[in-house]
Structures are given as structure tokens and as C-alpha cells.
file work_25.txt (compact mmCIF, C-alpha atoms)
# COMPACT_ATOMS: atom_id res chain seq x y z
CA PRO A 1 88.45 21.75 27.56
CA GLU A 2 86.61 20.28 24.61
CA ILE A 3 82.98 21.27 24.15
CA ALA A 4 80.41 18.45 23.88
CA PHE A 5 77.86 19.49 21.27
CA ASP A 6 74.29 18.20 21.44
CA VAL A 7 73.45 16.40 18.19
CA ASP A 8 70.08 14.87 17.35
CA VAL A 9 71.27 12.42 14.71
CA VAL A 10 74.51 11.42 12.97
CA PHE A 11 74.41 9.75 9.54
CA HIS A 12 77.34 7.49 8.67
CA LEU A 13 77.30 7.45 4.85
CA ALA A 14 81.04 7.42 4.08
CA GLY A 15 82.92 4.39 2.84
CA GLN A 16 85.10 2.86 0.14
CA ILE A 17 82.85 2.03 -2.80
CA VAL A 18 83.20 -1.01 -5.04
CA LEU A 19 85.27 -0.17 -8.13
CA PRO A 20 87.22 -2.47 -10.49
CA GLN A 21 90.55 -1.10 -9.24
CA THR A 22 89.70 -1.32 -5.53
CA THR A 23 91.72 -3.95 -3.66
CA ASP A 24 90.70 -6.05 -0.66
CA GLU A 25 93.14 -4.06 1.44
CA ASP A 26 91.46 -0.82 0.35
CA PHE A 27 88.14 -2.06 1.70
CA LEU A 28 89.53 -3.45 4.93
CA SER A 29 91.72 -0.47 5.80
CA LYS A 30 89.72 2.47 4.48
CA ASN A 31 86.32 1.44 5.81
CA LYS A 32 87.92 0.59 9.15
CA ASN A 33 89.68 3.96 9.33
CA ILE A 34 86.56 5.89 8.31
CA THR A 35 84.44 4.23 10.99
CA GLU A 36 87.15 4.65 13.65
CA GLY A 37 87.30 8.34 12.75
CA LEU A 38 83.55 8.65 13.17
CA ILE A 39 83.67 6.87 16.53
CA GLY A 40 86.35 9.30 17.66
CA SER A 41 84.11 12.21 16.70
CA LEU A 42 81.09 10.65 18.40
CA GLY A 43 83.10 10.55 21.62
CA ARG A 44 83.22 14.35 21.57
CA LEU A 45 79.49 14.76 20.95
CA SER A 46 76.30 14.27 22.89
CA VAL A 47 74.45 12.13 20.34
CA ASN A 48 70.91 10.78 20.54
CA ARG A 49 70.85 8.66 17.41
CA VAL A 50 73.19 7.19 14.79
CA ILE A 51 72.06 5.89 11.39
CA ASN A 52 74.64 3.82 9.55
CA LEU A 53 74.25 3.16 5.83
CA SER A 54 75.51 -0.39 5.40
CA THR A 55 75.07 -3.05 2.71
CA THR A 56 73.25 -6.30 2.07
CA SER A 57 76.58 -7.59 0.75
CA ILE A 58 77.44 -8.47 4.36
CA TYR A 59 75.29 -11.61 4.03
CA GLY A 60 77.83 -13.02 1.60
CA ALA A 61 76.83 -16.25 -0.15
CA VAL A 62 73.20 -16.68 0.90
CA PRO A 63 72.59 -20.44 1.08
CA HIS A 64 68.78 -20.53 1.25
CA GLY A 65 67.60 -18.03 -1.35
CA ILE A 66 66.55 -15.14 0.91
CA ALA A 67 68.65 -12.68 2.91
CA SER A 68 67.09 -11.65 6.22
CA GLU A 69 68.44 -9.35 8.92
CA HIS A 70 68.95 -12.16 11.44
CA MET A 71 71.36 -14.04 9.15
CA PRO A 72 75.06 -14.05 10.05
CA PRO A 73 77.55 -13.48 7.20
CA HIS A 74 78.34 -16.58 5.15
CA GLU A 75 81.56 -16.56 3.10
CA PRO A 76 81.61 -12.74 2.78
CA ASN A 77 84.12 -10.97 0.54
CA ALA A 78 86.51 -8.24 1.75
CA TYR A 79 84.03 -5.43 1.09
CA ALA A 80 81.34 -7.25 3.09
CA ILE A 81 83.76 -7.99 5.94
CA SER A 82 84.78 -4.33 6.13
CA LYS A 83 81.16 -3.15 6.32
CA TYR A 84 80.14 -5.80 8.86
CA THR A 85 83.16 -4.94 11.00
CA SER A 86 82.06 -1.30 10.86
CA GLU A 87 78.59 -2.31 12.02
CA GLN A 88 80.05 -4.23 14.94
CA ALA A 89 82.38 -1.40 15.96
CA LEU A 90 79.53 1.10 15.97
CA SER A 91 77.26 -1.30 17.85
CA GLN A 92 79.89 -1.72 20.58
CA PHE A 93 80.60 2.00 20.89
CA THR A 94 77.03 3.30 20.78
CA LYS A 95 75.51 1.20 23.56
CA GLY A 96 72.77 3.33 25.08
CA ILE A 97 72.36 5.30 21.83
CA SER A 98 69.72 4.56 19.21
CA LEU A 99 71.61 2.92 16.31
CA THR A 100 70.10 1.70 13.04
CA HIS A 101 72.09 -0.15 10.39
CA VAL A 102 70.33 0.38 7.03
CA ARG A 103 71.48 -2.36 4.68
CA THR A 104 71.09 -1.60 0.97
CA PRO A 105 71.93 -3.48 -2.24
CA GLY A 106 73.14 -1.64 -5.36
CA ILE A 107 71.81 1.93 -5.34
CA ILE A 108 70.63 3.36 -8.68
CA GLY A 109 69.88 6.93 -9.68
CA PRO A 110 71.71 9.90 -11.23
CA ASP A 111 75.51 9.43 -11.09
CA ALA A 112 75.14 6.06 -9.36
CA ASN A 113 78.22 4.08 -8.46
CA PRO A 114 78.78 0.97 -10.63
CA ASN A 115 76.57 -2.02 -9.86
CA LEU A 116 74.69 -4.72 -11.77
CA ILE A 117 71.86 -2.50 -13.04
CA THR A 118 74.09 0.45 -14.02
CA ASN A 119 76.38 -1.94 -15.91
CA LEU A 120 73.48 -3.62 -17.72
CA ALA A 121 72.04 -0.24 -18.72
CA ALA A 122 75.42 0.96 -19.98
CA ARG A 123 75.87 -2.14 -22.13
CA ALA A 124 72.31 -2.04 -23.52
CA SER A 125 72.56 1.66 -24.38
CA ALA A 126 75.76 0.92 -26.32
CA GLY A 127 74.09 -1.93 -28.21
CA LEU A 128 76.20 -4.56 -26.45
CA PRO A 129 74.85 -7.93 -25.30
CA LEU A 130 73.85 -8.47 -21.67
CA GLU A 131 75.49 -11.47 -20.01
CA LEU A 132 73.40 -12.97 -17.22
CA SER A 133 72.79 -16.25 -15.45
CA ASN A 134 69.93 -17.77 -13.44
CA LEU A 135 67.35 -16.06 -15.65
CA GLN A 136 64.33 -17.59 -13.91
CA SER A 137 65.51 -16.63 -10.42
CA TYR A 138 63.82 -13.71 -8.73
CA PHE A 139 65.59 -10.42 -8.10
CA ASN A 140 65.08 -7.37 -5.90
CA ASN A 141 68.72 -6.60 -5.16
CA VAL A 142 68.41 -2.93 -6.08
CA VAL A 143 67.11 0.29 -4.53
CA HIS A 144 66.58 3.72 -6.06
CA ILE A 145 68.32 6.69 -4.43
CA SER A 146 64.93 8.35 -3.94
CA ASP A 147 63.93 5.48 -1.63
CA VAL A 148 67.20 5.77 0.30
CA CYS A 149 66.61 9.49 0.88
CA ALA A 150 62.94 8.97 1.69
CA PHE A 151 63.67 6.21 4.19
CA LEU A 152 66.40 8.15 5.98
CA ASN A 153 64.00 11.06 6.30
CA HIS A 154 61.30 8.62 7.44
CA LEU A 155 63.61 7.32 10.17
CA ILE A 156 64.33 10.71 11.69
CA THR A 157 60.63 11.62 11.82
CA ARG A 158 59.89 8.48 13.87
CA LYS A 159 60.56 7.89 17.53
CA PRO A 160 64.10 6.50 17.88
CA ILE A 161 64.40 2.77 18.46
CA ARG A 162 65.93 1.63 21.72
CA GLY A 163 69.36 0.12 21.29
CA CYS A 164 70.66 -1.30 18.01
CA ASP A 165 68.76 -2.67 15.03
CA SER A 166 69.38 -3.62 11.38
CA VAL A 167 66.94 -3.31 8.49
CA ASN A 168 67.14 -4.21 4.81
CA LEU A 169 66.19 -1.48 2.33
CA ALA A 170 65.55 -2.90 -1.16
CA SER A 171 62.88 -2.71 -3.84
CA THR A 172 59.61 -4.56 -3.40
CA LYS A 173 57.86 -7.02 -5.74
CA PRO A 174 60.78 -9.11 -7.04
CA VAL A 175 60.82 -10.03 -10.73
CA THR A 176 62.86 -12.62 -12.59
CA ILE A 177 66.33 -11.74 -13.82
CA ASN A 178 65.01 -12.41 -17.31
CA SER A 179 62.35 -9.72 -16.76
CA VAL A 180 65.01 -7.28 -15.63
CA ALA A 181 67.01 -7.94 -18.79
CA LYS A 182 63.93 -7.59 -20.99
CA LEU A 183 62.95 -4.30 -19.34
CA ILE A 184 66.40 -2.81 -20.03
CA ILE A 185 66.74 -4.22 -23.57
CA ASP A 186 63.23 -3.08 -24.55
CA TYR A 187 63.90 0.41 -23.19
CA TYR A 188 66.75 0.79 -25.67
CA GLY A 189 64.72 -0.49 -28.59
CA ASN A 190 66.12 -4.03 -28.60
CA ARG A 191 69.59 -2.76 -29.49
CA GLY A 192 71.11 -5.31 -27.12
CA SER A 193 70.84 -9.07 -26.92
CA LEU A 194 70.99 -11.53 -24.06
CA ILE A 195 73.72 -14.12 -23.50
CA VAL A 196 73.05 -16.80 -20.90
CA LYS A 197 76.11 -17.84 -18.93
CA SER A 198 76.63 -20.39 -16.21
CA SER A 199 77.27 -19.39 -12.61
CA SER A 200 78.16 -21.17 -9.38
CA VAL A 201 76.66 -18.33 -7.30
CA THR A 202 73.32 -19.09 -5.66
CA PRO A 203 70.88 -16.25 -6.44
CA TYR A 204 68.79 -14.76 -3.64
CA ILE A 205 66.25 -12.08 -2.90
CA ILE A 206 66.33 -9.59 -0.03
CA ASP A 207 63.74 -9.92 2.71
CA ILE A 208 62.08 -6.53 3.32
CA GLU A 209 59.18 -7.61 5.52
CA LYS A 210 60.76 -5.88 8.50
CA LEU A 211 61.10 -2.67 6.48
CA LYS A 212 57.41 -2.72 5.56
CA LYS A 213 55.86 -3.98 8.78
CA LEU A 214 58.06 -2.71 11.61
CA TYR A 215 59.34 0.46 9.95
CA ASP A 216 56.14 1.16 7.98
CA PHE A 217 57.95 1.98 4.74
CA GLU A 218 56.95 0.91 1.23
CA PRO A 219 59.73 1.26 -1.36
CA LEU A 220 59.40 1.37 -5.14
CA THR A 221 58.91 -1.92 -6.94
CA VAL A 222 61.86 -3.36 -8.84
CA THR A 223 60.23 -2.40 -12.14
CA GLN A 224 59.47 1.15 -10.95
CA ALA A 225 63.00 1.67 -9.63
CA ILE A 226 64.73 0.47 -12.79
CA ALA A 227 62.32 2.33 -15.10
CA ARG A 228 62.92 5.57 -13.17
CA PHE A 229 66.66 5.07 -13.42
CA LEU A 230 66.51 4.46 -17.17
CA ASP A 231 64.44 7.63 -17.63
CA GLU A 232 66.98 9.58 -15.61
CA LEU A 233 69.81 8.26 -17.77
CA HIS A 234 67.90 9.25 -20.91
CA SER A 235 67.07 12.75 -19.68
CA SER A 236 70.70 13.39 -18.66
CA LYS A 237 72.00 12.92 -22.21
call {"tool": "encode", "arguments": {"input": "work_25.txt", "output": "C-alpha cells"}}
result
Amino acid sequence: PEIAFDVDVVFHLAGQIVLPQTTDEDFLSKNKNITEGLIGSLGRLSVNRVINLSTTSIYGAVPHGIASEHMPPHEPNAYAISKYTSEQALSQFTKGISLTHVRTPGIIGPDANPNLITNLAARASAGLPLELSNLQSYFNNVVHISDVCAFLNHLITRKPIRGCDSVNLASTKPVTINSVAKLIIDYYGNRGSLIVKSSSVTPYIIDIEKLKKLYDFEPLTVTQAIARFLDELHSSK
């Protein structure tokens, strides 16, 4: 007979990341298969708590300028659908188990996967222009890897929640997109320039009031997170 091991907490961190060559089918099939594999393993364990690293991308096109945990997806892309489907599958399977979906935007830090901030830094460091839109809109759609690690550790030192919950994990104190561009360009000694382009996408910020008030966690500010990342890039060369 199979042995049921007692496990305090399971972290679900695996998934298909966003890369230029990744297809919609890659997201839908691989993230589905990964989560189904985890659920199969959970069935053989005696688990008290599951923490699932998800994404704020599940909100899709945010119509009102701020993405909060209670919002249903709105026109999500394939990546977002695959992650939201994973959330739902885990939520159905883990009834009676403490389950937290931690939704993050682009994560920055050493060896970060490609996202808006990593791409802007790469272009600025090469002396290439930054192409951005909605310069006066506010932005906090980024989190440093140190905050991700700190929050996951923070979660397991707290009493488990009852049932299932979702929480956004993003940087605090939003700044304008123009300020983000200026911070990165200035860091590289003004070697890059800024090109303003038009966009049909409605910009939004991520609501982290639940993170701060209910979960008692204060992340880095947007400026602190990006500045730390730029320093890490510089020190790695």
C-alpha cells in the first residue's frame, strides 16, 4: 500500500513562463499538466497547507484602472487562462486544506525571466531607446524576488487561513510610467532615450491593500525594487 506522508506545506511554483517562442497551446497544456500532476501527488500526501504562486495576469484587461482580488478575469490571454484554471483546479481539490493563491506581476531580480522591467533595463544598458505608452499613468506591476521569498516565508510563520484565499503581491507606492523610464535611463547615464507610442491597452495598478492590512506585509516600493534590480544587474557584470 502507498504511504501517506505528513506534510506541513506544499509550494506550487512550477509553470510555463512567458517567452517570445511560447505558444498559447504551450500555456494551456503545460500549466494544466503541471497542476494535474501536483494534484495527483497531493492525493498521496497528508497536507495541511498549499501555497500556489499565481499571477496578476489572470485579471486580463482591467477596465477600471485597479486590479483587486475580487475581480473576475476580463478578456484574459492564454497564459492568464492557464493560471486561473490552475487556481480553480487546486481550489476544488483542496477543500478543507488551507490554500493561498499568491498573485504576482513581473518578478525582477538576478536571472529574472523576461518582463517589462527586465526588457527596459536591457535596452537602456545597450543604449537603445525605450518605447512606452501612457507615460502619466501609475505603475506598480512589478515585485522583487526578495519580496516574493520574504512573503512566502511570512506566510508559513503565520497561522494558516481557513479555506481558500487569493492575495496580490506587488510593489507599494506606485509611480508614473514616465518616472520608471527616467529611473532606468538615468541609471545608465542617459545612454537611452524615450519614444512615446500609442496603445489601446488600459493601464492599471495592482491593489495591495489586502496584502498590507490582512496579511501584515509591506513590500518594497516600486522605486526601491527597480533600483535594487539595476544594482544587481550592474554587480553581475
call {"tool": "residues_near_point", "arguments": {"input": "work_25.txt", "point": "(65.9, 9.3, 7.8)", "cutoff": "12 Å", "atoms": "all atoms listed in the file", "output": "PyMOL selection string"}}
result
chain A and resi 8-13+49-53+100-102+146-160+215+217
call {"tool": "residues_around", "arguments": {"input": "work_25.txt", "residues": "region 127-131 of chain A", "least_positions_apart": "3", "cutoff": "7 Å", "atoms": "all atoms listed in the file", "output": "PyMOL selection string"}}
result
chain A and resi 120+123-124+191-197
call {"tool": "closest_residue", "arguments": {"input": "work_25.txt", "among": "A:Asp207, A:Ile66, A:Ala225, A:Gln88", "to": "Thr118 (chain A)", "atoms": "only C-alpha atoms"}}
result
A:Ala225
call {"tool": "atom_distance", "arguments": {"input": "work_25.txt", "atom1": "CA of Lys32 (chain A)", "atom2": "CA of His64 (chain A)"}}
result
29.6 Å
call {"tool": "closest_residue", "arguments": {"input": "work_25.txt", "among": "A:Gly106, A:Gly96, A:Pro73, A:Gly15", "to": "Phe27 (chain A)", "atoms": "only C-alpha atoms"}}
result
A:Gly15
call {"tool": "closest_residue", "arguments": {"input": "work_25.txt", "among": "A:Ala227, A:Cys164, A:Leu38, A:Val142", "to": "Lys182 (chain A)", "atoms": "all atoms listed in the file"}}
result
A:Ala227
call {"tool": "closest_residue", "arguments": {"input": "work_25.txt", "among": "A:Tyr84, A:Gly109, A:Gln21, A:Tyr204", "to": "Ser235 (chain A)", "atoms": "all atoms listed in the file"}}
result
A:Gly109
call {"tool": "atom_distance", "arguments": {"input": "work_25.txt", "atom1": "CA of Ile39 (chain A)", "atom2": "CA of Ser91 (chain A)"}}
result
10.5 Å
call {"tool": "atom_distance", "arguments": {"input": "work_25.txt", "atom1": "CA of Gly60 (chain A)", "atom2": "CA of Leu214 (chain A)"}}
result
24.4 Å
call {"tool": "closest_residue", "arguments": {"input": "work_25.txt", "among": "A:Pro20, A:Pro219, A:Pro203, A:Gly40", "to": "Thr94 (chain A)", "atoms": "only C-alpha atoms"}}
result
A:Gly40
call {"tool": "closest_residue", "arguments": {"input": "work_25.txt", "among": "A:Met71, A:Ile206, A:Ile97, A:Ile107", "to": "Val18 (chain A)", "atoms": "all atoms listed in the file"}}
result
A:Ile107
call {"tool": "decode", "arguments": {"input": "work_25.txt", "residues": "region 68-84 of chain A", "atoms": "all heavy atoms", "output": "compact mmCIF listing (two decimals), in the first residue's frame"}}
result
# COMPACT_ATOMS: atom_id res chain seq x y z
N SER A 68 -8.06 44.21 -8.27
CA SER A 68 -8.25 43.71 -6.92
C SER A 68 -8.59 42.23 -6.95
O SER A 68 -9.08 41.71 -7.96
CB SER A 68 -9.39 44.48 -6.22
OG SER A 68 -9.09 45.86 -6.15
N GLU A 69 -8.36 41.57 -5.82
CA GLU A 69 -8.52 40.12 -5.75
C GLU A 69 -9.93 39.64 -6.07
O GLU A 69 -10.12 38.51 -6.53
CB GLU A 69 -8.12 39.61 -4.36
CG GLU A 69 -6.63 39.69 -4.07
CD GLU A 69 -6.21 41.02 -3.47
OE1 GLU A 69 -7.03 41.96 -3.45
OE2 GLU A 69 -5.06 41.12 -3.02
N HIS A 70 -10.94 40.46 -5.81
CA HIS A 70 -12.32 40.03 -6.02
C HIS A 70 -12.74 40.08 -7.49
O HIS A 70 -13.81 39.59 -7.84
CB HIS A 70 -13.27 40.90 -5.20
CG HIS A 70 -13.32 42.33 -5.67
ND1 HIS A 70 -12.44 43.29 -5.21
CD2 HIS A 70 -14.13 42.96 -6.57
CE1 HIS A 70 -12.71 44.44 -5.80
NE2 HIS A 70 -13.73 44.27 -6.63
N MET A 71 -11.90 40.66 -8.36
CA MET A 71 -12.26 40.82 -9.76
C MET A 71 -12.21 39.49 -10.51
O MET A 71 -11.24 38.76 -10.40
CB MET A 71 -11.31 41.80 -10.46
CG MET A 71 -11.46 43.23 -10.06
SD MET A 71 -10.23 44.24 -10.93
CE MET A 71 -10.50 43.70 -12.62
N PRO A 72 -13.22 39.19 -11.32
CA PRO A 72 -13.12 38.03 -12.21
C PRO A 72 -12.26 38.39 -13.42
O PRO A 72 -12.09 39.57 -13.74
CB PRO A 72 -14.58 37.80 -12.63
CG PRO A 72 -15.19 39.16 -12.59
CD PRO A 72 -14.53 39.87 -11.43
N PRO A 73 -11.69 37.41 -14.10
CA PRO A 73 -10.91 37.70 -15.31
C PRO A 73 -11.76 38.39 -16.36
O PRO A 73 -12.94 38.10 -16.52
CB PRO A 73 -10.47 36.31 -15.78
CG PRO A 73 -10.53 35.45 -14.56
CD PRO A 73 -11.67 35.97 -13.75
N HIS A 74 -11.12 39.33 -17.08
CA HIS A 74 -11.80 40.06 -18.14
C HIS A 74 -10.92 40.04 -19.39
O HIS A 74 -9.84 40.63 -19.42
CB HIS A 74 -12.06 41.50 -17.72
CG HIS A 74 -12.73 42.34 -18.76
ND1 HIS A 74 -14.03 42.12 -19.17
CD2 HIS A 74 -12.27 43.38 -19.51
CE1 HIS A 74 -14.34 43.00 -20.10
NE2 HIS A 74 -13.30 43.77 -20.34
N GLU A 75 -11.34 39.31 -20.40
CA GLU A 75 -10.58 39.16 -21.65
C GLU A 75 -9.14 38.70 -21.38
O GLU A 75 -8.18 39.31 -21.86
CB GLU A 75 -10.58 40.46 -22.44
CG GLU A 75 -11.98 40.94 -22.84
CD GLU A 75 -11.95 42.27 -23.58
OE1 GLU A 75 -10.85 42.82 -23.78
OE2 GLU A 75 -13.03 42.75 -23.97
N PRO A 76 -8.95 37.62 -20.63
CA PRO A 76 -7.59 37.14 -20.34
C PRO A 76 -6.96 36.47 -21.56
O PRO A 76 -7.66 35.94 -22.43
CB PRO A 76 -7.82 36.12 -19.23
CG PRO A 76 -9.20 35.59 -19.50
CD PRO A 76 -9.99 36.77 -20.02
N ASN A 77 -5.63 36.49 -21.63
CA ASN A 77 -4.93 35.77 -22.69
C ASN A 77 -4.73 34.31 -22.28
O ASN A 77 -5.16 33.87 -21.19
CB ASN A 77 -3.60 36.45 -23.02
CG ASN A 77 -2.66 36.54 -21.82
OD1 ASN A 77 -2.79 35.77 -20.86
ND2 ASN A 77 -1.72 37.46 -21.87
N ALA A 78 -4.08 33.54 -23.14
CA ALA A 78 -3.93 32.10 -22.89
C ALA A 78 -3.14 31.82 -21.61
O ALA A 78 -3.47 30.90 -20.85
CB ALA A 78 -3.27 31.43 -24.09
N TYR A 79 -2.08 32.59 -21.39
CA TYR A 79 -1.29 32.41 -20.17
C TYR A 79 -2.16 32.63 -18.93
O TYR A 79 -2.16 31.83 -17.99
CB TYR A 79 -0.12 33.38 -20.16
CG TYR A 79 0.65 33.42 -18.85
CD1 TYR A 79 1.39 32.33 -18.44
CD2 TYR A 79 0.63 34.56 -18.05
CE1 TYR A 79 2.09 32.34 -17.24
CE2 TYR A 79 1.33 34.60 -16.85
CZ TYR A 79 2.05 33.49 -16.46
OH TYR A 79 2.74 33.52 -15.26
N ALA A 80 -2.94 33.72 -18.95
CA ALA A 80 -3.81 34.03 -17.82
C ALA A 80 -4.86 32.94 -17.61
O ALA A 80 -5.13 32.53 -16.48
CB ALA A 80 -4.48 35.38 -18.04
N ILE A 81 -5.44 32.47 -18.70
CA ILE A 81 -6.45 31.41 -18.60
C ILE A 81 -5.85 30.16 -17.97
O ILE A 81 -6.45 29.52 -17.09
CB ILE A 81 -7.03 31.09 -19.99
CG1 ILE A 81 -7.87 32.26 -20.50
CG2 ILE A 81 -7.87 29.81 -19.96
CD1 ILE A 81 -8.29 32.12 -21.95
N SER A 82 -4.62 29.81 -18.40
CA SER A 82 -3.99 28.60 -17.87
C SER A 82 -3.72 28.71 -16.37
O SER A 82 -3.88 27.74 -15.62
CB SER A 82 -2.69 28.30 -18.62
OG SER A 82 -1.66 29.22 -18.29
N LYS A 83 -3.33 29.90 -15.91
CA LYS A 83 -3.04 30.09 -14.48
C LYS A 83 -4.33 30.15 -13.66
O LYS A 83 -4.39 29.63 -12.55
CB LYS A 83 -2.21 31.35 -14.28
CG LYS A 83 -0.85 31.32 -14.95
CD LYS A 83 0.04 30.21 -14.42
CE LYS A 83 0.62 30.55 -13.07
NZ LYS A 83 1.59 29.53 -12.60
N TYR A 84 -5.36 30.78 -14.22
CA TYR A 84 -6.63 30.85 -13.50
C TYR A 84 -7.27 29.46 -13.41
O TYR A 84 -7.85 29.09 -12.37
CB TYR A 84 -7.58 31.82 -14.21
CG TYR A 84 -8.85 32.08 -13.43
CD1 TYR A 84 -8.82 32.69 -12.18
CD2 TYR A 84 -10.10 31.73 -13.96
CE1 TYR A 84 -9.98 32.95 -11.47
CE2 TYR A 84 -11.27 31.98 -13.25
CZ TYR A 84 -11.20 32.58 -12.01
OH TYR A 84 -12.36 32.82 -11.31
